[in-house]
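Here is the structure we will look at.
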Amino acid sequence: MNCVELRQSLAEVEDGGSAQQRAHLRACPACSALVRDLNLIVTTAGQLRAADDPSPRVWNSIEIALRQEGLIRPLLAARPPVPSFAERWGAARWLVPAAAMLLLALGIYVRREAPPNQLVRQASVATPAANPSDLNDDDLMQEVADNAPEMKTQYAENLRQVNESIRDAQGLVDEAPNDEDARRSLMDAYQQKSMLFEMAMDRSLQ
Amino acid sequence: MVSKRAAKLVAIGVIVAGTLVAESKREYHFSVGPRAGVSVMNPYGSISVKPSLNNTVVVNAFLHSDRVEVDNNQNGNRVDIQSHLLAGADADSGRVDYEVLVPADASITLHSSTGSLRAEKLHGDVNLEGAGAAVDVRDISDAHVHVKTMNGSVNLDNIQNGHVEVDSLSGDVTMRSVTGPLVQVVSTSGRINYFGDFGNSGEYRLTSHSGDIEATIPDWTSADVSARSVRGEVHDDIPLQPKNHTWFAIDKGRAFAGTMGRVAVSSTVVLRTFSGKIHLRKRSEKQ
């Protein structure tokens, strides 16, 4: 089994996988790291509290995606169950949703759980824990330099601005932990940064 | 002297002819059913989508060189178009400009890094994304309109009964006659302009971290408005009925909240910025 075959059969790995899969994972550091990341996402998602409803915006985005993929329309038979997204992104397709999911989880946690004196440490832009896929600003700029060098300056400036907005929003949350606007601003700022990563890593445009 | 001029003209002619040869047009036709899905992924170049007269998707692709080709695929009721960059392609040689006709009820997804994105006269969902792409969406009804840009400007005109979501880091966002149950703009530093009456019973949320927000509304608007700038200023040209209770402090010059028009049909309007200015203006007759 090679790396491509392993990644195509990733859904079966969580149960221990076949002997072939286990053999490949033992021999291939890249695939085993990928599986570890996926397991981390699954574990973290399980820790989300049922009472923490996402905002209407999240549901709206999901509905858009479902409608675009035809999954909530009557013409299901004519639509492929798996869109071309997976082919386009390959294994890297996990990175952006992973980052977005953990940012969301982080935001919910900050909003609902953390006492004020812990907010800085847990939601700080500089904290690597905010990005379990090990994506940081340097990775973003390297990705842009490799794939869209003509846009490097624009990405750098927008990254600077969004980091600044996170710092400002974080400051507001620190000053007034019960301020709904401040918390929402922090979430928006993180979502904007997540979007910047998403754009930089859009394999479909490279 | 004459021979030198002739040589120059010949050289120019050769260059022009070479350019014309390098650019080429491809045309694709697909028959689809109701509510089809059409996606176009284009790293460099513009995409324009208009309604077709029947159940056909027509794709006209203008390729700027032979270093890019167009991959097309129809899978049931879904059509996928992708510009495929070949070795050595860059922003110029990899450019493809698309003119696409789709049934008016089709849902479209357009991606481009640098070219403009335009969609008009549709009532299927519209999903546009581009880092530096300027986005123009007009005459859309009963649909989701979702736009993501980094620094491209966004212009929305005559969107009726839409679920509208715009995320832009630094591009300016301008909306004219945009109404629906949900109209939401989130920006980091872009300016947000809204011209319209905020519809009936919708939720309008315009947020920019450091960009200014300006809403220009007519007399008959019915809305429950709250505006707040943490470090900037707010201005209100329209008398509002003050609210008895707000959950944030109304610092004069930094925030206001109140209602106008008929409460029964009023929309909720939230304007928020950290360091930008907010201005609620009354629309003049000329506007």
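In the structure tokens, the first chain shown is A, the next is B, and so on; residue numbers restart at 1 for each chain, and ligands run from 1 in the order shown.
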Item to complete: Show which residues sit within 7 Å of Asp197 in chain B, as number ranges by chain. Count only C-alpha atoms, and ignore same-chain residues fewer than 3 positions away.
Response: B: 217-218, 221
Discussion item. Set the distance at 8 Å and use only C-alpha atoms: which residues neighbour range 141-146 of chain A once local chain neighbours fewer than 5 positions away are removed? I'd like the list as a PyMOL selection string.
Written reply: chain A and resi 151-152+155-156+200-201
Practice prompt. Can you pull out every residue within 6 Å of range 198-204 of chain B, counting only C-alpha atoms, but drop anything in the same chain fewer than 6 positions away, and send it as an MDAnalysis selection string?
Written response: chainID B and resid 179:184 265:269
Worksheet item: So which residues of range 48-284 of chain B fall under strand (DSSP E or B) by DSSP, listed as a PyMOL selection string?
Response: chain B and resi 48-51+56-63+68-75+78-85+96-102+107-112+117-122+126-130+135-141+144-149+154-160+163-168+173-178+182-187+192-195+203-208+213-217+223-229+234-236+241-242+255-260+267-273+278-282
Worksheet item: Can you tell me, as a PyMOL selection string, what residues are no more than 8 Å from Ile81 in chain B when counting only C-alpha atoms, ignoring any on the same chain fewer than 3 positions away?
Response: chain B and resi 38-41+70-73
Worksheet item: For the atom pair CA of Asn158 in chain A and CA of Ser46 in chain B, what is the interatomic distance in Å to one decimal place?
Response: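 Computing the Euclidean distance for CA of Asn158 in chain A and CA of Ser46 in chain B yields 22.5 Å.
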Fill in: Point-to-point distance from CA of Asp66 in chain B to CA of Ala91 in chain B, Å rounded to tenths
13.1 Å
Fill in: Spatial neighbours of range 159-171 of chain A, max dist 10 Å, only C-alpha atoms, sep filter under 2 positions, as an NGL selection string
(:A and (119-120 or 123-126 or 137 or 140-141 or 153-157 or 173-177 or 181-194 or 196-197)) or (:B and (150 or 169-170 or 187-189 or 208-210 or 274-275))
Item to complete: Compare A:Met199, A:Ala65, A:Leu34, A:Ile41 by their minimum atom-to-atom distance to His111 in chain B, counting only C-alpha atoms, and give me the closest one.
Response: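 Smallest distance to His111 in chain B is found for A:Met199.
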Discussion item. Taking 3 positions as the minimum chain separation for residues in the same chain, which residues sit within 7 Å of Val58 in chain B when counting only C-alpha atoms? Answer as a list in words.
Written reply: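 Residues meeting the cut-off are Tyr28, His29, Phe30, Val100, Leu101 and Val102 of chain B.
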Write to file, as a PDB file, in the first residue's frame, the residues of the selection just made, with C-alpha atoms.
ATOM      1  CA  TYR B  28     -18.497  24.263 -24.083  1.00  0.00           C
ATOM      2  CA  HIS B  29     -22.181  23.361 -23.857  1.00  0.00           C
ATOM      3  CA  PHE B  30     -23.854  21.277 -21.166  1.00  0.00           C
ATOM      4  CA  VAL B 100     -20.731  31.767 -18.623  1.00  0.00           C
ATOM      5  CA  LEU B 101     -24.450  31.421 -19.229  1.00  0.00           C
ATOM      6  CA  VAL B 102     -26.416  29.300 -16.772  1.00  0.00           C
TER       7      VAL B 102
END
